[in-house]
>>> print(open('my_file.cif').read())   # mmCIF, C-alpha atoms and all ligand atoms
data_upload
loop_
_atom_site.label_atom_id
_atom_site.label_comp_id
_atom_site.auth_asym_id
_atom_site.auth_seq_id
_atom_site.Cartn_x
_atom_site.Cartn_y
_atom_site.Cartn_z
CA MET R 1472 3.82 10.40 -14.45
CA ALA R 1473 0.17 10.58 -13.39
CA THR R 1474 -0.46 9.57 -9.80
CA LEU R 1475 -1.47 5.95 -9.32
CA ILE R 1476 -4.55 5.21 -7.21
CA ALA R 1477 -4.83 2.07 -5.10
CA PRO R 1478 -8.19 1.68 -3.34
CA SER R 1479 -7.89 -0.36 -0.13
CA LEU R 1480 -10.33 -3.26 0.01
CA LEU R 1481 -10.23 -3.06 3.81
CA ALA R 1482 -13.07 -0.54 3.59
CA ALA R 1483 -15.07 -2.55 1.03
CA ASN R 1484 -18.22 -4.53 1.77
CA PHE R 1485 -16.98 -8.03 2.63
CA ALA R 1486 -20.49 -9.44 2.25
CA ASN R 1487 -20.30 -8.51 -1.42
CA LEU R 1488 -16.66 -8.11 -2.37
CA GLN R 1489 -17.34 -8.97 -6.00
CA LYS R 1490 -19.43 -5.82 -6.44
CA ASP R 1491 -16.68 -3.56 -5.08
CA ILE R 1492 -13.99 -5.37 -7.07
CA GLU R 1493 -15.95 -4.89 -10.29
CA MET R 1494 -16.35 -1.20 -9.45
CA ILE R 1495 -12.56 -0.91 -9.11
CA ASN R 1496 -12.10 -2.76 -12.41
CA ARG R 1497 -14.40 -0.25 -14.15
CA SER R 1498 -12.88 2.77 -12.41
CA GLU R 1499 -9.68 4.70 -13.10
CA ALA R 1500 -7.95 2.96 -10.18
CA ASP R 1501 -4.56 1.44 -10.97
CA TRP R 1502 -4.02 -1.23 -8.29
CA PHE R 1503 -5.98 -3.19 -5.69
CA HIS R 1504 -4.52 -2.53 -2.22
CA LEU R 1505 -4.89 -5.55 0.09
CA ASP R 1506 -4.21 -5.05 3.81
CA ILE R 1507 -3.10 -8.24 5.54
CA MET R 1508 -3.05 -8.06 9.36
CA ASP R 1509 -2.08 -10.78 11.80
CA GLY R 1510 -3.23 -9.48 15.18
CA VAL R 1511 0.41 -9.54 16.35
CA PHE R 1512 2.29 -6.84 14.44
CA VAL R 1513 -0.88 -4.73 14.50
CA PRO R 1514 -3.82 -4.92 16.91
CA ASN R 1515 -6.28 -6.09 14.26
CA ILE R 1516 -6.91 -9.12 12.04
CA SER R 1517 -8.10 -8.65 8.46
CA PHE R 1518 -8.15 -11.49 5.95
CA GLY R 1519 -5.86 -14.13 4.52
CA PHE R 1520 -5.29 -16.56 1.69
CA SER R 1521 -8.83 -17.92 1.43
CA VAL R 1522 -10.11 -14.45 0.57
CA ILE R 1523 -7.21 -13.58 -1.77
CA ASP R 1524 -7.52 -16.92 -3.58
CA SER R 1525 -11.25 -16.30 -4.09
CA ILE R 1526 -10.86 -12.80 -5.49
CA GLN R 1527 -7.73 -13.22 -7.59
CA SER R 1528 -9.54 -14.13 -10.79
CA LEU R 1529 -11.95 -11.19 -10.33
CA CYS R 1530 -9.23 -8.56 -9.91
CA LYS R 1531 -8.27 -7.26 -13.36
CA LYS R 1532 -5.59 -4.87 -12.11
CA PRO R 1533 -2.33 -5.51 -10.21
CA MET R 1534 -2.76 -6.67 -6.62
CA ASP R 1535 -0.66 -4.71 -4.12
CA ALA R 1536 -0.46 -6.55 -0.80
CA HIS R 1537 0.53 -4.62 2.32
CA LEU R 1538 1.68 -7.14 4.92
CA MET R 1539 1.23 -6.05 8.51
CA ILE R 1540 2.48 -9.37 9.81
CA ILE R 1541 5.50 -10.92 11.49
CA HIS R 1542 7.36 -13.79 9.80
CA ALA R 1543 6.53 -12.49 6.31
CA ASP R 1544 9.35 -14.64 4.87
CA ASN R 1545 7.31 -17.77 5.52
CA TYR R 1546 4.52 -16.66 3.20
CA ILE R 1547 6.23 -15.04 0.20
CA GLU R 1548 5.70 -17.97 -2.16
CA ARG R 1549 2.09 -18.33 -1.09
CA PHE R 1550 1.40 -14.68 -1.86
CA LYS R 1551 2.95 -15.18 -5.28
CA ASN R 1552 0.73 -18.21 -5.88
CA ALA R 1553 -2.29 -16.22 -4.72
CA GLY R 1554 -1.70 -13.80 -7.61
CA ILE R 1555 -0.07 -10.92 -5.74
CA ASN R 1556 2.00 -8.67 -8.03
CA ARG R 1557 3.48 -6.28 -5.50
CA LEU R 1558 4.40 -7.32 -1.97
CA THR R 1559 5.20 -4.80 0.75
CA VAL R 1560 6.59 -5.77 4.15
CA HIS R 1561 7.10 -3.58 7.21
CA TYR R 1562 10.58 -2.38 8.11
CA GLU R 1563 9.71 -2.87 11.79
CA ALA R 1564 8.71 -6.52 11.28
CA CYS R 1565 11.68 -7.78 9.24
CA THR R 1566 15.01 -8.58 10.89
CA HIS R 1567 16.72 -9.54 7.64
CA LEU R 1568 15.07 -7.00 5.39
CA HIS R 1569 17.56 -7.27 2.54
CA ARG R 1570 17.01 -11.02 2.29
CA THR R 1571 13.24 -10.59 2.39
CA ILE R 1572 13.38 -8.09 -0.48
CA GLN R 1573 15.53 -10.47 -2.52
CA GLN R 1574 13.11 -13.33 -1.90
CA ILE R 1575 10.12 -11.28 -3.00
CA GLN R 1576 11.87 -10.27 -6.24
CA HIS R 1577 13.11 -13.82 -6.77
CA GLU R 1578 9.45 -14.87 -6.87
CA GLY R 1579 8.86 -12.32 -9.64
CA MET R 1580 6.99 -9.77 -7.54
CA LYS R 1581 7.76 -6.10 -7.00
CA ALA R 1582 9.14 -5.50 -3.51
CA GLY R 1583 8.12 -2.73 -1.15
CA VAL R 1584 8.98 -1.66 2.38
CA ALA R 1585 6.51 0.17 4.61
CA LEU R 1586 7.57 2.64 7.30
CA ASN R 1587 5.51 3.28 10.42
CA PRO R 1588 4.98 6.95 11.29
CA HIS R 1589 7.81 6.81 13.86
CA THR R 1590 10.35 5.12 11.56
CA PRO R 1591 12.76 7.54 9.85
CA VAL R 1592 13.42 7.41 6.11
CA PHE R 1593 17.23 7.32 6.45
CA LEU R 1594 17.04 3.72 7.74
CA LEU R 1595 16.39 2.68 4.14
CA GLN R 1596 19.53 4.29 2.69
CA ASP R 1597 21.36 0.96 2.21
CA VAL R 1598 18.46 -0.86 0.53
CA ILE R 1599 16.70 1.91 -1.36
CA LYS R 1600 18.27 0.96 -4.70
CA GLU R 1601 16.72 -2.49 -4.42
CA LEU R 1602 13.22 -1.26 -3.64
CA ASP R 1603 10.40 -0.99 -6.15
CA THR R 1604 8.22 0.84 -3.62
CA VAL R 1605 8.43 2.56 -0.27
CA LEU R 1606 5.11 2.81 1.53
CA ILE R 1607 4.96 5.77 3.89
CA MET R 1608 2.33 5.11 6.55
CA SER R 1609 0.48 8.34 7.21
CA VAL R 1610 -1.52 6.72 10.05
CA ASN R 1611 -0.54 4.01 12.50
CA PRO R 1612 -1.21 0.72 10.71
CA GLY R 1613 -4.07 -1.53 11.75
CA PHE R 1614 -7.25 0.36 10.97
CA GLY R 1615 -8.92 2.32 8.22
CA GLY R 1616 -10.60 5.68 8.70
CA GLN R 1617 -7.92 7.35 10.85
CA THR R 1618 -6.72 10.95 10.69
CA PHE R 1619 -3.79 11.79 8.43
CA ILE R 1620 -0.50 12.53 10.24
CA GLU R 1621 0.89 15.79 8.79
CA GLN R 1622 4.53 14.87 9.51
CA SER R 1623 4.24 12.33 6.66
CA CYS R 1624 4.68 15.15 4.12
CA GLU R 1625 8.17 15.89 5.40
CA LYS R 1626 9.02 12.20 5.16
CA ILE R 1627 8.02 12.20 1.52
CA SER R 1628 10.43 15.06 0.83
CA GLU R 1629 13.23 13.19 2.60
CA LEU R 1630 12.44 10.00 0.71
CA LYS R 1631 12.33 11.84 -2.61
CA GLU R 1632 15.75 13.30 -1.84
CA LEU R 1633 17.16 9.86 -0.97
CA ILE R 1634 15.74 8.32 -4.15
CA LEU R 1635 17.29 11.06 -6.29
CA LYS R 1636 20.61 10.89 -4.48
CA LYS R 1637 20.89 7.12 -4.92
CA GLN R 1638 19.29 7.16 -8.38
CA ALA R 1639 16.85 4.52 -7.17
CA PRO R 1640 13.87 3.38 -9.27
CA THR R 1641 11.57 3.46 -6.25
CA LEU R 1642 7.92 4.58 -6.23
CA ILE R 1643 6.63 6.55 -3.24
CA GLU R 1644 3.30 5.16 -2.00
CA VAL R 1645 1.34 6.77 0.84
CA ASP R 1646 -1.28 5.02 2.95
CA GLY R 1647 -3.71 6.36 5.55
CA GLY R 1648 -6.14 9.25 5.80
CA VAL R 1649 -5.96 10.08 2.10
CA ASN R 1650 -8.72 12.34 0.78
CA LEU R 1651 -8.82 15.12 -1.83
CA GLU R 1652 -7.15 17.62 0.48
CA THR R 1653 -4.38 15.40 1.85
CA GLY R 1654 -4.03 13.72 -1.55
CA ALA R 1655 -3.30 17.02 -3.31
CA LYS R 1656 -0.71 17.86 -0.68
CA LEU R 1657 0.94 14.44 -0.98
CA ILE R 1658 1.21 14.75 -4.75
CA ALA R 1659 2.81 18.18 -4.36
CA TYR R 1660 5.39 16.64 -2.03
CA GLY R 1661 6.16 13.88 -4.53
CA ALA R 1662 3.89 10.88 -3.85
CA ASP R 1663 3.55 8.51 -6.83
CA VAL R 1664 0.82 6.23 -5.45
CA LEU R 1665 -2.11 7.10 -3.18
CA VAL R 1666 -3.89 4.39 -1.17
CA ALA R 1667 -7.42 5.27 -0.06
CA GLY R 1668 -9.94 3.19 1.86
CA GLN R 1669 -12.64 4.98 3.79
CA PHE R 1670 -12.60 8.05 1.54
CA VAL R 1671 -13.42 5.89 -1.49
CA PHE R 1672 -15.81 3.30 -0.06
CA GLY R 1673 -17.51 5.67 2.39
CA SER R 1674 -18.40 8.08 -0.41
CA GLU R 1675 -21.67 8.27 -2.29
CA SER R 1676 -20.05 7.28 -5.57
CA PRO R 1677 -16.78 5.40 -5.05
CA GLU R 1678 -16.10 5.33 -8.78
CA GLU R 1679 -16.44 9.09 -9.01
CA THR R 1680 -14.25 9.52 -5.92
CA ILE R 1681 -11.51 7.43 -7.56
CA TYR R 1682 -11.82 9.64 -10.64
CA GLN R 1683 -11.40 12.75 -8.47
CA LEU R 1684 -8.29 11.35 -6.78
CA LYS R 1685 -6.85 10.34 -10.12
CA HIS R 1686 -7.32 13.83 -11.54
CA LEU R 1687 -6.01 15.85 -8.59
C1 LIG M 1701 -4.17 0.76 7.54
C2 LIG M 1701 -4.10 0.27 6.12
C3 LIG M 1701 -4.66 1.18 5.12
C4 LIG M 1701 -6.10 1.53 5.31
C5 LIG M 1701 -6.26 2.93 4.82
O1 LIG M 1701 -3.42 -0.10 8.34
O2 LIG M 1701 -2.77 0.01 5.75
O3 LIG M 1701 -4.45 0.69 3.81
O4 LIG M 1701 -6.99 0.70 4.65
O5 LIG M 1701 -7.50 3.34 5.15
P1 LIG M 1701 -7.98 4.86 5.08
O6 LIG M 1701 -7.78 5.32 3.67
O7 LIG M 1701 -9.42 4.74 5.47
O8 LIG M 1701 -7.15 5.63 6.08
ZN ZN M 1702 -2.40 -0.48 3.60
#
>>> encode(input="my_file.cif", output="structure tokens", more="lines below")
Ligand code: DX5
Ligand code: ZN
Amino acid sequence: MATLIAPSLLAANFANLQKDIEMINRSEADWFHLDIMDGVFVPNISFGFSVIDSIQSLCKKPMDAHLMIIHADNYIERFKNAGINRLTVHYEACTHLHRTIQQIQHEGMKAGVALNPHTPVFLLQDVIKELDTVLIMSVNPGFGGQTFIEQSCEKISELKELILKKQAPTLIEVDGGVNLETGAKLIAYGADVLVAGQFVFGSESPEETIYQLKHL
């Protein structure tokens, strides 16, 4: 399977989101990656439902929301109604993770779990078969433009092994510090989906950059 590319809107121009969304629609990107931060789970606040509601009709590709929030359970239905197709919660922020995953899938969305850099892969062994996606954080969540943490590659190998062992249908998504160099390495280790923010939107031609990531 060709690697899927999910540009993160966090690095887009919020004064003209429509322009960047249309660029992603035209490009070879596969998903829109939406980073939702609450200022509690992570030391930053991004955007919420008013923005997602406004862009949902513009986004012509699946919307992949990465929740960096506590109390995610309270908002699952609202994310569904806002047009989100794939909903990822953080392992570290969910006490009853299995129930949360069930609720997301009950709403008809694909369910993902994100792991902070310090959270080991084996903690997912009892839920992996239920997961559509595992999101390996290759930076500490909260900000774009950070440096890739090399240890993430080893985690991908471990996750790949767990997925094969359990015969799980799970996609491996990686988020943080992705560029052509780290992207190529991540694909070699077994990543299925690459999220990229600063590398795409900070480049001269974001559409061309997406093409380059897609064809690594
Ligand atoms: C960080 C977010 C990322 C971020 C990635 O908390 O989850 O999705 O936008 O940004 P880059 O690609 O710039 O590291
Ligand atoms: Zn993200």
>>> residues_near_point(input="my_file.cif", point="(-6.6, 7.5, 4.1)", cutoff="8 Å", atoms="all atoms listed in the file", output="PyMOL selection string")
chain R and resi 1609-1610+1615-1619+1646-1650+1666-1670
>>> residues_around(input="my_file.cif", residues="Lys1656 of chain R", least_positions_apart="5", cutoff="12 Å", atoms="only C-alpha atoms", output="list in words")
Phe1619, Glu1621, Gln1622, Ser1623, Cys1624, Glu1625, Ile1627, Ser1628, Val1645, Val1649, Asn1650, Leu1651, Gly1661, Ala1662, Asp1663, Leu1665, Leu1684 and Leu1687 of chain R
>>> write_last_selection(input="my_file.cif", atoms="C-alpha atoms", output="JSON list (two decimals), keeping the file's coordinate frame")
[["chain", "number", "residue", "atom", "x", "y", "z"],
["R", 1619, "PHE", "CA", -3.79, 11.79, 8.43],
["R", 1621, "GLU", "CA", 0.89, 15.79, 8.79],
["R", 1622, "GLN", "CA", 4.53, 14.87, 9.51],
["R", 1623, "SER", "CA", 4.24, 12.33, 6.66],
["R", 1624, "CYS", "CA", 4.68, 15.15, 4.12],
["R", 1625, "GLU", "CA", 8.17, 15.89, 5.40],
["R", 1627, "ILE", "CA", 8.02, 12.20, 1.52],
["R", 1628, "SER", "CA", 10.43, 15.06, 0.83],
["R", 1645, "VAL", "CA", 1.34, 6.77, 0.84],
["R", 1649, "VAL", "CA", -5.96, 10.08, 2.10],
["R", 1650, "ASN", "CA", -8.72, 12.34, 0.78],
["R", 1651, "LEU", "CA", -8.82, 15.12, -1.83],
["R", 1661, "GLY", "CA", 6.16, 13.88, -4.53],
["R", 1662, "ALA", "CA", 3.89, 10.88, -3.85],
["R", 1663, "ASP", "CA", 3.55, 8.51, -6.83],
["R", 1665, "LEU", "CA", -2.11, 7.10, -3.18],
["R", 1684, "LEU", "CA", -8.29, 11.35, -6.78],
["R", 1687, "LEU", "CA", -6.01, 15.85, -8.59]]
>>> atom_distance(input="my_file.cif", atom1="atom CA of Ile1507 of chain R", atom2="atom C2 of ligand LIG 1701 (chain M)")
8.6 Å
>>> closest_residue(input="my_file.cif", among="R:Ile1495, R:Leu1568, R:Met1539, R:Ile1643", to="Val1605 of chain R", atoms="all atoms listed in the file")
R:Ile1643
>>> atom_distance(input="my_file.cif", atom1="atom CA of Ile1540 of chain R", atom2="atom CA of His1504 of chain R")
15.5 Å
>>> closest_residue(input="my_file.cif", among="R:Gly1510, R:Gly1613, R:Gly1583, R:Gly1554", to="ligand LIG 1701 (chain M)", atoms="all atoms listed in the file")
R:Gly1613
>>> closest_residue(input="my_file.cif", among="R:Val1560, R:Asp1597, R:Leu1635, R:Ser1676", to="Asp1491 of chain R", atoms="only C-alpha atoms")
R:Ser1676
>>> closest_residue(input="my_file.cif", among="R:Asp1509, R:Ile1516, R:Asp1603, R:Phe1672", to="Leu1488 of chain R", atoms="only C-alpha atoms")
R:Phe1672
>>> atom_distance(input="my_file.cif", atom1="atom CA of Asp1501 of chain R", atom2="atom CA of Lys1532 of chain R")
6.5 Å
>>> residues_near_point(input="my_file.cif", point="(-15.7, -5.5, -18.2)", cutoff="12 Å", atoms="all atoms listed in the file", output="PyMOL selection string")
chain R and resi 1492-1498+1529-1532
>>> closest_residue(input="my_file.cif", among="R:Thr1590, R:Thr1559, R:Gln1683, R:Asn1484", to="Ile1547 of chain R", atoms="all atoms listed in the file")
R:Thr1559
>>> decode(input="my_file.cif", residues="segment 1511-1545 of chain R", atoms="N, CA and C atoms", output="tab-separated table (two decimals), in the first residue's frame")
chain	number	residue	atom	x	y	z
R	1511	VAL	N	-4.87	21.92	28.52
R	1511	VAL	CA	-4.81	21.17	29.77
R	1511	VAL	C	-3.94	19.92	29.57
R	1512	PHE	N	-4.34	19.08	28.60
R	1512	PHE	CA	-3.52	17.91	28.29
R	1512	PHE	C	-2.19	18.33	27.68
R	1513	VAL	N	-2.23	19.38	26.87
R	1513	VAL	CA	-0.99	19.93	26.29
R	1513	VAL	C	-0.95	21.43	26.57
R	1514	PRO	N	0.25	21.99	26.63
R	1514	PRO	CA	0.37	23.42	26.98
R	1514	PRO	C	0.16	24.33	25.77
R	1515	ASN	N	-0.95	24.11	25.07
R	1515	ASN	CA	-1.27	24.98	23.93
R	1515	ASN	C	-2.76	24.82	23.63
R	1516	ILE	N	-3.34	25.81	23.00
R	1516	ILE	CA	-4.75	25.77	22.61
R	1516	ILE	C	-4.80	25.99	21.10
R	1517	SER	N	-5.51	25.12	20.38
R	1517	SER	CA	-5.54	25.31	18.92
R	1517	SER	C	-6.89	25.85	18.49
R	1518	PHE	N	-7.78	24.97	18.05
R	1518	PHE	CA	-9.09	25.44	17.57
R	1518	PHE	C	-10.13	24.39	17.93
R	1519	GLY	N	-11.40	24.77	17.78
R	1519	GLY	CA	-12.47	23.86	18.18
R	1519	GLY	C	-13.57	23.76	17.14
R	1520	PHE	N	-14.78	23.52	17.63
R	1520	PHE	CA	-15.89	23.18	16.73
R	1520	PHE	C	-16.26	24.30	15.76
R	1521	SER	N	-16.12	25.56	16.16
R	1521	SER	CA	-16.53	26.62	15.24
R	1521	SER	C	-15.68	26.57	13.97
R	1522	VAL	N	-14.39	26.28	14.14
R	1522	VAL	CA	-13.52	26.19	12.96
R	1522	VAL	C	-13.84	24.92	12.16
R	1523	ILE	N	-13.99	23.79	12.84
R	1523	ILE	CA	-14.25	22.53	12.11
R	1523	ILE	C	-15.57	22.62	11.37
R	1524	ASP	N	-16.60	23.16	12.04
R	1524	ASP	CA	-17.90	23.30	11.37
R	1524	ASP	C	-17.78	24.16	10.11
R	1525	SER	N	-16.96	25.21	10.18
R	1525	SER	CA	-16.83	26.12	9.03
R	1525	SER	C	-16.08	25.48	7.87
R	1526	ILE	N	-15.14	24.58	8.17
R	1526	ILE	CA	-14.34	24.05	7.06
R	1526	ILE	C	-14.86	22.72	6.54
R	1527	GLN	N	-15.81	22.11	7.26
R	1527	GLN	CA	-16.16	20.73	6.89
R	1527	GLN	C	-16.65	20.59	5.46
R	1528	SER	N	-17.40	21.57	4.97
R	1528	SER	CA	-17.91	21.44	3.60
R	1528	SER	C	-16.82	21.72	2.56
R	1529	LEU	N	-15.73	22.36	2.99
R	1529	LEU	CA	-14.64	22.65	2.05
R	1529	LEU	C	-13.70	21.46	1.89
R	1530	CYS	N	-13.59	20.66	2.95
R	1530	CYS	CA	-12.63	19.54	2.95
R	1530	CYS	C	-13.19	18.37	2.14
R	1531	LYS	N	-12.55	18.06	1.04
R	1531	LYS	CA	-13.04	17.00	0.13
R	1531	LYS	C	-12.36	15.65	0.38
R	1532	LYS	N	-11.58	15.57	1.45
R	1532	LYS	CA	-10.92	14.31	1.78
R	1532	LYS	C	-11.22	14.00	3.25
R	1533	PRO	N	-11.03	12.76	3.69
R	1533	PRO	CA	-11.35	12.41	5.08
R	1533	PRO	C	-10.66	13.33	6.09
R	1534	MET	N	-11.41	13.66	7.14
R	1534	MET	CA	-10.86	14.50	8.21
R	1534	MET	C	-10.44	13.62	9.38
R	1535	ASP	N	-9.16	13.74	9.73
R	1535	ASP	CA	-8.51	12.92	10.75
R	1535	ASP	C	-8.22	13.84	11.94
R	1536	ALA	N	-9.04	13.71	13.00
R	1536	ALA	CA	-8.86	14.61	14.14
R	1536	ALA	C	-8.00	13.95	15.21
R	1537	HIS	N	-7.00	14.67	15.65
R	1537	HIS	CA	-6.07	14.21	16.69
R	1537	HIS	C	-6.37	15.02	17.95
R	1538	LEU	N	-7.06	14.36	18.89
R	1538	LEU	CA	-7.49	15.06	20.10
R	1538	LEU	C	-6.39	15.06	21.16
R	1539	MET	N	-5.93	16.24	21.49
R	1539	MET	CA	-4.99	16.38	22.61
R	1539	MET	C	-5.76	17.09	23.72
R	1540	ILE	N	-6.76	16.36	24.22
R	1540	ILE	CA	-7.68	16.94	25.20
R	1540	ILE	C	-8.01	15.90	26.27
R	1541	ILE	N	-8.41	16.39	27.45
R	1541	ILE	CA	-8.98	15.49	28.45
R	1541	ILE	C	-10.49	15.40	28.21
R	1542	HIS	N	-11.12	14.44	28.82
R	1542	HIS	CA	-12.58	14.27	28.70
R	1542	HIS	C	-13.05	14.13	27.25
R	1543	ALA	N	-12.29	13.42	26.44
R	1543	ALA	CA	-12.66	13.25	25.03
R	1543	ALA	C	-14.05	12.62	24.87
R	1544	ASP	N	-14.41	11.74	25.81
R	1544	ASP	CA	-15.71	11.04	25.73
R	1544	ASP	C	-16.88	12.01	25.59
R	1545	ASN	N	-16.74	13.17	26.21
R	1545	ASN	CA	-17.85	14.14	26.19
R	1545	ASN	C	-18.10	14.75	24.82
